[in-house]
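Asks: Next comes the structure file entry-v5.cif, holding mmCIF, C-alpha atoms and all ligand atoms.
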data_coords
#
loop_
_atom_site.label_atom_id
_atom_site.label_comp_id
_atom_site.auth_asym_id
_atom_site.auth_seq_id
_atom_site.Cartn_x
_atom_site.Cartn_y
_atom_site.Cartn_z
CA MET J 18 0.00 0.00 0.00
CA THR J 19 1.39 3.44 -0.88
CA GLU J 20 1.39 6.22 1.69
CA PRO J 21 -0.68 9.30 0.92
CA ALA J 22 1.59 12.09 -0.28
CA ASN J 23 0.97 14.24 2.79
CA ALA J 24 1.52 11.49 5.41
CA PRO J 25 3.84 12.61 8.21
CA THR J 26 7.36 11.24 7.85
CA PRO J 27 7.86 8.53 10.50
CA GLY J 28 10.83 9.54 12.69
CA PRO J 29 13.88 11.49 11.55
CA ARG J 30 14.72 11.56 7.88
CA THR J 31 17.34 8.96 7.06
CA ASP J 32 19.59 8.78 4.05
CA GLY J 33 21.53 5.53 3.96
CA ASP J 34 24.15 6.98 1.64
CA LEU J 35 24.94 9.88 3.95
CA VAL J 36 27.90 8.56 5.94
CA LEU J 37 29.32 11.84 7.22
CA ASP J 38 27.17 14.75 8.36
CA LEU J 39 28.71 17.70 10.18
CA ARG J 40 26.37 20.56 10.99
CA ALA J 41 27.23 24.08 12.13
CA VAL J 42 30.44 22.93 13.81
CA THR J 43 32.41 25.43 15.85
CA PHE J 44 35.77 24.82 17.45
CA ALA J 45 38.22 27.23 19.09
CA TYR J 46 41.77 26.60 20.24
CA PRO J 47 42.66 28.70 23.30
CA ARG J 48 43.54 31.72 21.19
CA THR J 49 42.09 30.88 17.77
CA PRO J 50 38.49 30.35 16.66
CA ALA J 51 39.44 27.71 14.04
CA LEU J 52 35.92 26.67 12.91
CA ARG J 53 33.04 29.13 13.03
CA GLY J 54 29.96 27.20 11.90
CA VAL J 55 31.05 24.69 9.25
CA SER J 56 28.74 22.09 7.72
CA LEU J 57 30.10 19.23 5.63
CA THR J 58 28.46 16.12 4.24
CA ALA J 59 29.78 13.12 2.36
CA ARG J 60 27.86 10.28 0.77
CA ARG J 61 28.92 6.78 -0.20
CA ALA J 62 31.11 6.70 -3.33
CA GLU J 63 31.43 10.49 -3.23
CA VAL J 64 34.75 12.35 -3.35
CA VAL J 65 34.76 15.70 -1.55
CA ALA J 66 37.79 17.99 -1.80
CA VAL J 67 38.30 20.36 1.13
CA THR J 68 40.43 23.28 0.00
CA GLY J 69 41.48 26.64 1.40
CA PRO J 70 44.59 28.54 2.38
CA SER J 71 46.91 27.57 5.22
CA GLY J 72 45.25 28.19 8.58
CA SER J 73 41.70 28.16 7.19
CA GLY J 74 40.69 25.21 9.40
CA LYS J 75 40.98 22.19 7.10
CA SER J 76 42.93 19.93 9.47
CA THR J 77 40.82 21.00 12.43
CA LEU J 78 37.68 20.07 10.47
CA LEU J 79 39.05 16.61 9.70
CA HIS J 80 39.99 16.05 13.35
CA VAL J 81 36.45 16.99 14.38
CA ALA J 82 34.96 14.70 11.71
CA ALA J 83 37.10 11.83 13.00
CA GLY J 84 36.07 12.45 16.61
CA LEU J 85 39.65 13.36 17.59
CA LEU J 86 38.52 16.85 18.59
CA ARG J 87 35.19 17.58 20.24
CA PRO J 88 33.48 20.62 18.73
CA ASP J 89 32.31 23.45 20.98
CA SER J 90 28.91 23.33 19.26
CA GLY J 91 27.26 21.67 16.28
CA SER J 92 26.80 18.00 15.45
CA VAL J 93 28.95 15.21 14.01
CA THR J 94 27.15 12.14 12.67
CA VAL J 95 29.11 9.18 11.26
CA CYS J 96 27.11 6.37 9.68
CA GLY J 97 24.02 7.53 11.54
CA GLN J 98 25.79 7.62 14.94
CA ASP J 99 26.15 10.79 16.97
CA MET J 100 29.93 10.91 17.49
CA ILE J 101 29.73 13.59 20.17
CA ALA J 102 27.36 11.59 22.39
CA LEU J 103 29.73 8.61 22.54
CA ASP J 104 32.28 8.12 25.31
CA ASP J 105 35.96 7.86 24.30
CA ASP J 106 35.95 4.06 23.95
CA ALA J 107 32.81 3.99 21.83
CA ALA J 108 34.11 6.85 19.69
CA SER J 109 37.37 4.97 19.13
CA ALA J 110 35.46 1.85 18.15
CA LEU J 111 33.29 3.81 15.71
CA ARG J 112 36.41 5.44 14.27
CA ARG J 113 38.16 2.06 13.87
CA ARG J 114 35.14 0.47 12.23
CA GLU J 115 33.90 3.21 9.94
CA ILE J 116 36.72 5.72 9.36
CA GLY J 117 40.01 5.44 7.50
CA LEU J 118 42.26 8.31 8.49
CA VAL J 119 45.35 9.84 6.91
CA LEU J 120 46.53 12.68 9.14
CA GLN J 121 48.66 15.53 7.86
CA HIS J 122 51.71 14.53 9.88
CA GLY J 123 51.78 10.77 9.28
CA GLN J 124 51.16 9.34 12.75
CA LEU J 125 52.55 5.87 12.18
CA VAL J 126 53.44 3.88 15.30
CA PRO J 127 57.24 4.16 15.48
CA GLU J 128 57.76 0.87 17.38
CA LEU J 129 55.97 -1.27 14.80
CA PRO J 130 57.24 -2.39 11.40
CA VAL J 131 55.37 -0.99 8.43
CA VAL J 132 53.33 -4.14 7.80
CA ASP J 133 51.99 -4.11 11.37
CA ASN J 134 51.21 -0.40 11.18
CA VAL J 135 48.92 -1.19 8.27
CA ALA J 136 47.54 -4.36 9.87
CA LEU J 137 46.87 -2.61 13.20
CA PRO J 138 43.29 -1.39 12.55
CA LEU J 139 42.33 -4.95 11.55
CA LEU J 140 44.12 -6.53 14.54
CA LEU J 141 42.40 -4.11 16.93
CA ASP J 142 39.05 -5.13 15.52
CA GLY J 143 39.68 -8.83 15.99
CA THR J 144 41.07 -10.02 12.64
CA GLY J 145 43.67 -12.80 13.11
CA ARG J 146 47.33 -11.85 12.73
CA GLU J 147 47.94 -13.82 9.54
CA ALA J 148 44.88 -12.53 7.71
CA ALA J 149 45.57 -8.96 8.87
CA ARG J 150 49.18 -9.14 7.67
CA ALA J 151 48.11 -10.61 4.32
CA ALA J 152 45.62 -7.78 3.79
CA ALA J 153 48.24 -5.22 4.85
CA THR J 154 50.80 -6.68 2.44
CA GLY J 155 48.28 -6.46 -0.40
CA TRP J 156 47.69 -2.77 0.25
CA LEU J 157 51.40 -2.03 0.60
CA ASP J 158 51.87 -3.68 -2.77
CA ARG J 159 49.10 -1.61 -4.37
CA LEU J 160 50.68 1.53 -2.93
CA GLY J 161 54.09 0.59 -4.32
CA VAL J 162 55.81 0.17 -0.93
CA ALA J 163 55.81 -3.61 -0.43
CA ASP J 164 59.61 -3.45 -0.29
CA VAL J 165 59.56 -1.53 3.01
CA ALA J 166 57.09 -3.86 4.77
CA SER J 167 59.58 -4.87 7.44
CA ALA J 168 61.19 -1.41 7.84
CA HIS J 169 60.30 0.89 10.73
CA PRO J 170 58.63 4.27 10.15
CA ALA J 171 61.80 6.20 11.09
CA ASP J 172 63.55 4.65 8.08
CA LEU J 173 60.97 5.81 5.51
CA SER J 174 61.01 8.86 3.26
CA GLY J 175 58.13 11.30 3.68
CA GLY J 176 56.47 9.98 0.52
CA GLN J 177 56.87 6.35 1.61
CA ALA J 178 55.39 7.15 5.03
CA GLN J 179 52.39 8.75 3.35
CA ARG J 180 51.88 5.70 1.14
CA VAL J 181 51.93 3.51 4.25
CA ALA J 182 49.42 5.84 5.95
CA VAL J 183 47.15 5.60 2.89
CA ALA J 184 47.41 1.79 2.95
CA ARG J 185 46.40 1.83 6.63
CA ALA J 186 43.41 4.07 5.85
CA LEU J 187 42.17 1.79 3.07
CA VAL J 188 42.83 -1.64 4.62
CA THR J 189 39.61 -1.86 6.62
CA GLY J 190 37.22 -0.92 3.81
CA ALA J 191 36.00 2.02 5.93
CA SER J 192 32.74 3.82 5.15
CA VAL J 193 34.49 7.20 5.29
CA VAL J 194 38.09 7.90 4.35
CA LEU J 195 39.38 11.22 5.71
CA ALA J 196 42.71 12.23 4.23
CA ASP J 197 44.66 15.39 5.06
CA GLU J 198 47.09 16.28 2.24
CA PRO J 199 47.71 12.54 1.70
CA THR J 200 50.09 13.05 -1.21
CA GLY J 201 51.75 16.27 -0.05
CA SER J 202 55.22 14.70 0.29
CA MET J 203 55.13 12.81 -3.02
CA ASP J 204 56.36 13.93 -6.42
CA SER J 205 53.49 15.00 -8.64
CA ASP J 206 53.28 11.82 -10.78
CA GLY J 207 53.43 9.58 -7.73
CA GLY J 208 50.90 11.70 -5.91
CA GLU J 209 48.51 11.56 -8.83
CA GLN J 210 48.72 7.76 -8.97
CA VAL J 211 48.08 7.39 -5.25
CA LEU J 212 45.19 9.80 -5.44
CA ARG J 213 43.71 7.90 -8.37
CA LEU J 214 43.98 4.64 -6.39
CA MET J 215 42.20 6.28 -3.43
CA VAL J 216 39.41 7.61 -5.64
CA GLU J 217 38.95 4.30 -7.49
CA THR J 218 38.95 2.36 -4.23
CA CYS J 219 36.34 4.62 -2.66
CA ARG J 220 34.11 4.48 -5.72
CA SER J 221 34.33 0.70 -5.96
CA THR J 222 33.85 0.02 -2.23
CA ARG J 223 31.27 2.83 -2.00
CA SER J 224 33.17 4.67 0.71
CA ALA J 225 33.07 8.43 0.98
CA LEU J 226 36.43 10.12 0.46
CA VAL J 227 37.03 13.53 2.03
CA VAL J 228 40.42 14.79 0.96
CA VAL J 229 42.10 17.98 2.13
CA THR J 230 44.36 19.51 -0.45
CA HIS J 231 46.17 22.51 -1.84
CA ASP J 232 46.57 20.62 -5.10
CA ASN J 233 44.33 21.57 -8.04
CA LYS J 234 44.58 18.02 -9.40
CA VAL J 235 42.67 16.71 -6.40
CA ALA J 236 39.86 19.15 -7.00
CA ALA J 237 39.83 17.88 -10.60
CA VAL J 238 38.86 14.33 -9.55
CA ALA J 239 36.40 15.34 -6.84
CA ASP J 240 32.62 15.39 -7.10
CA ARG J 241 32.39 18.45 -4.88
CA GLU J 242 34.71 21.09 -3.53
CA VAL J 243 34.23 22.76 -0.17
CA ARG J 244 36.49 25.77 0.23
CA LEU J 245 37.25 27.11 3.71
CA LEU J 246 38.41 30.58 4.59
CA ASP J 247 39.02 31.70 8.17
CA GLY J 248 36.96 28.85 9.61
CA VAL J 249 33.86 29.22 7.46
CA VAL J 250 32.77 27.69 4.15
CA GLN J 251 33.61 30.39 1.67
CA HIS J 252 32.46 28.51 -1.40
CA GLU J 253 30.94 25.14 -2.26
CA ALA J 254 30.82 23.78 -5.81
CA VAL J 255 29.48 20.65 -7.49
CA LEU J 256 32.20 19.64 -9.92
CA ARG J 257 30.67 16.65 -11.69
N1 LIG J 301 47.06 22.80 18.22
C1 LIG J 301 46.74 24.06 17.96
N2 LIG J 301 46.76 25.01 18.94
C2 LIG J 301 46.41 26.28 18.72
N3 LIG J 301 46.01 26.75 17.52
C3 LIG J 301 45.98 25.88 16.49
C4 LIG J 301 46.34 24.50 16.66
N4 LIG J 301 46.19 23.86 15.46
C5 LIG J 301 45.77 24.81 14.60
N5 LIG J 301 45.63 26.00 15.21
C6 LIG J 301 45.16 27.25 14.58
O1 LIG J 301 43.84 27.02 14.08
C7 LIG J 301 43.68 27.58 12.79
C8 LIG J 301 43.30 26.48 11.79
O2 LIG J 301 44.41 25.57 11.71
P1 LIG J 301 44.36 24.27 10.80
O3 LIG J 301 45.57 23.46 11.16
O4 LIG J 301 43.04 23.62 10.93
O5 LIG J 301 44.52 24.91 9.34
P2 LIG J 301 44.76 24.21 7.92
O6 LIG J 301 43.76 24.77 7.00
O7 LIG J 301 44.82 22.74 8.10
O8 LIG J 301 46.22 24.77 7.52
P3 LIG J 301 47.38 24.06 6.64
O9 LIG J 301 46.96 24.17 5.21
O10 LIG J 301 48.59 24.90 6.94
O11 LIG J 301 47.55 22.64 7.09
C9 LIG J 301 44.99 28.28 12.47
O12 LIG J 301 44.86 29.65 12.79
C10 LIG J 301 46.00 27.62 13.39
O13 LIG J 301 47.02 28.51 13.73
MG MG J 302 46.31 21.36 7.81
#
Here is the file; what I need is its structure written in the form of structure tokens.

Replies:
Amino acid sequence: MTEPANAPTPGPRTDGDLVLDLRAVTFAYPRTPALRGVSLTARRAEVVAVTGPSGSGKSTLLHVAAGLLRPDSGSVTVCGQDMIALDDDAASALRRREIGLVLQHGQLVPELPVVDNVALPLLLDGTGREAARAAATGWLDRLGVADVASAHPADLSGGQAQRVAVARALVTGASVVLADEPTGSMDSDGGEQVLRLMVETCRSTRSALVVVTHDNKVAAVADREVRLLDGVVQHEAVLR
């Protein structure tokens, strides 16, 4: 039976494809109001480029989206779950399960060899060691860094470390991949290849990819661009 057109909508509106929904987020560091009412959405298989000059709030926005910083006001919903309402353990679990994260300054675990850095999100979520290492090795291979699998992070170049961080973000098949300048330390050809792999992976696994960048090439492969200036959305454009 079809509902009459004017029937009240039962409960809140849901959109299964909407995997990241930030609304009117504000965040201030002790002396800097970094985000002043930013909204950002990302849907499955969508690529969103976050652009803007240095200091405009891009990294802060990604940290808030990942639940690593708690906003002063506004809401953060990841896969239908209210990130802000969760305690630290539940937020970490949601992040491990649903979010792949490439932070601007690497953040590999220095004590672990590369392969275990990539396997770590799977191990923490209960995958057996052998299966986790096999998956990690596959992603290192795709990223062109299988040869450094047993090296430690301190022995990697900046570009290699970023490739490892990208492998770690993709290994779990996360619903949302948040990447902060993921190819910033690579040469332009290498960066383009890695970016293409990230975009193809997210489209084929139907993850959302939110990528922070100064690079025009990234904006060229994105579905949407959200441009920040001084902690507000200055401009938003549908690109394809
Ligand atoms: N840990 C911190 N403590 C205090 N202020 C900070 C901190 N991190 C960032 N800020 C300030 O917040 C504002 C936004 O910084 P953010 O790192 O989000 O910018 P960004 O757009 O990522 O810049 P970039 O392109 O240089 O990476 C800036 O004014 C910055 O100086
Ligand atoms: Mg930044």

Asks: Residues contacting ligand MG 302 (chain J) - anything with an atom at most 9 Å away, using all atoms listed in the file - can you give me those as a list in words?

Replies: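 The residues within 9 Å of ligand MG 302 (chain J), counting all atoms listed in the file, are Ser71, Gly72, Ser73, Gly74, Lys75, Ser76, Thr77, Leu79, Leu120, Gln121, His122, Asp197, Glu198, Val229 and Thr230 of chain J.
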
Asks: Neighbouring residues of segment 44-50 of chain J were defined as those with any atom within 10 Å, considering all atoms listed in the file; residues of the same chain fewer than 4 positions away were excluded. Please report them as a list in words.

Replies: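 Contacts, in chain order: Gly54, Val55, Gly74, Thr77, Leu78, Val81, Leu86, Arg87, Pro88, Asp89, Ser90, Gly91, Asp247 and Gly248 of chain J.
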
Asks: Please compute the atom P1 of ligand LIG 301 (chain J)-atom CA of Gln177 of chain J distance, one decimal, in Å.

Replies: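 Atom-to-atom, atom P1 of ligand LIG 301 (chain J) and atom CA of Gln177 of chain J are spaced 23.7 Å apart.
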
Asks: Calculated over all atoms listed in the file, which of the candidates J:Ile116, J:Val228, J:Val135, J:Ala153 has the smallest distance to Ala196 of chain J?

Replies: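 Between J:Ile116, J:Val228, J:Val135, J:Ala153, the residue approaching Ala196 of chain J most closely is J:Val228.
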
Asks: Between atom CA of Arg180 of chain J and atom CA of Val162 of chain J, measure the distance and give it in Å to one decimal.

Replies: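 Distance between the two atoms: 7.1 Å.
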
Asks: Could you check the closest approach to ligand LIG 301 (chain J) for each of J:Leu246, J:Val132, J:Leu187, J:Val181 and tell me which residue wins, using only C-alpha atoms and all ligand atoms?

Replies: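 For ligand LIG 301 (chain J), the nearest of the given residues is J:Leu246.
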
Asks: Nearest to ligand LIG 301 (chain J): which of J:Val67, J:Leu39, J:Leu137, J:Val165 is it, counting only C-alpha atoms and all ligand atoms?

Replies: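 Closest to ligand LIG 301 (chain J) of all the choices is J:Val67.
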
Asks: Excluding same-chain residues fewer than 4 positions from Ala62 of chain J, what lies within 12 Å of it counting all atoms listed in the file, as a PyMOL selection string?

Replies: chain J and resi 34-37+191-194+215-227+239-241

Asks: Please list as a PyMOL selection string every residue within 10 Å of Arg146 of chain J, counting all atoms listed in the file and excluding residues in the same chain fewer than 5 positions away.

Replies: chain J and resi 133+136-137+139-140+151-152

Asks: Hey, which of J:Ala108, J:Val188, J:Val65, J:Met203 ends up closest to Gly176 of chain J? Count only C-alpha atoms.

Replies: J:Met203

Asks: What is the distance between atom O2 of ligand LIG 301 (chain J) and atom CA of Gln179 of chain J, in Å to one decimal?

Replies: 20.4 Å

Asks: Nearest residue to ligand LIG 301 (chain J) out of J:Asp38, J:Asp106, J:Asp204, J:Asp232, using all atoms listed in the file?

Replies: J:Asp232

Asks: List the neighbours of Asp104 of chain J out to 12 Å using all atoms listed in the file; skip same-chain residues closer than 5 positions along the sequence, and give me the result as a PyMOL selection string.

Replies: chain J and resi 84-85+87+99+109-111

Asks: Based on the selection just made, write C-alpha atoms of those residues as a PDB file, in the coordinates of the input.

Replies:
ATOM      1  CA  GLY J  84      36.070  12.450  16.610  1.00  0.00           C
ATOM      2  CA  LEU J  85      39.650  13.360  17.590  1.00  0.00           C
ATOM      3  CA  ARG J  87      35.190  17.580  20.240  1.00  0.00           C
ATOM      4  CA  ASP J  99      26.150  10.790  16.970  1.00  0.00           C
ATOM      5  CA  SER J 109      37.370   4.970  19.130  1.00  0.00           C
ATOM      6  CA  ALA J 110      35.460   1.850  18.150  1.00  0.00           C
ATOM      7  CA  LEU J 111      33.290   3.810  15.710  1.00  0.00           C
TER       8      LEU J 111
END

Asks: From the options J:Pro138, J:Gly97, J:Pro70, J:Pro199, which residue's atoms come nearest to ligand LIG 301 (chain J), counting only C-alpha atoms and all ligand atoms?

Replies: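 Between J:Pro138, J:Gly97, J:Pro70, J:Pro199, the residue approaching ligand LIG 301 (chain J) most closely is J:Pro70.
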
Asks: Find the spatial neighbours of Gly155 of chain J, counting only C-alpha atoms, within a cut-off of 9 Å - ignore same-chain residues fewer than 5 positions away - and output them as a ChimeraX atom specification.

Replies: /J:150,160,163,184,188
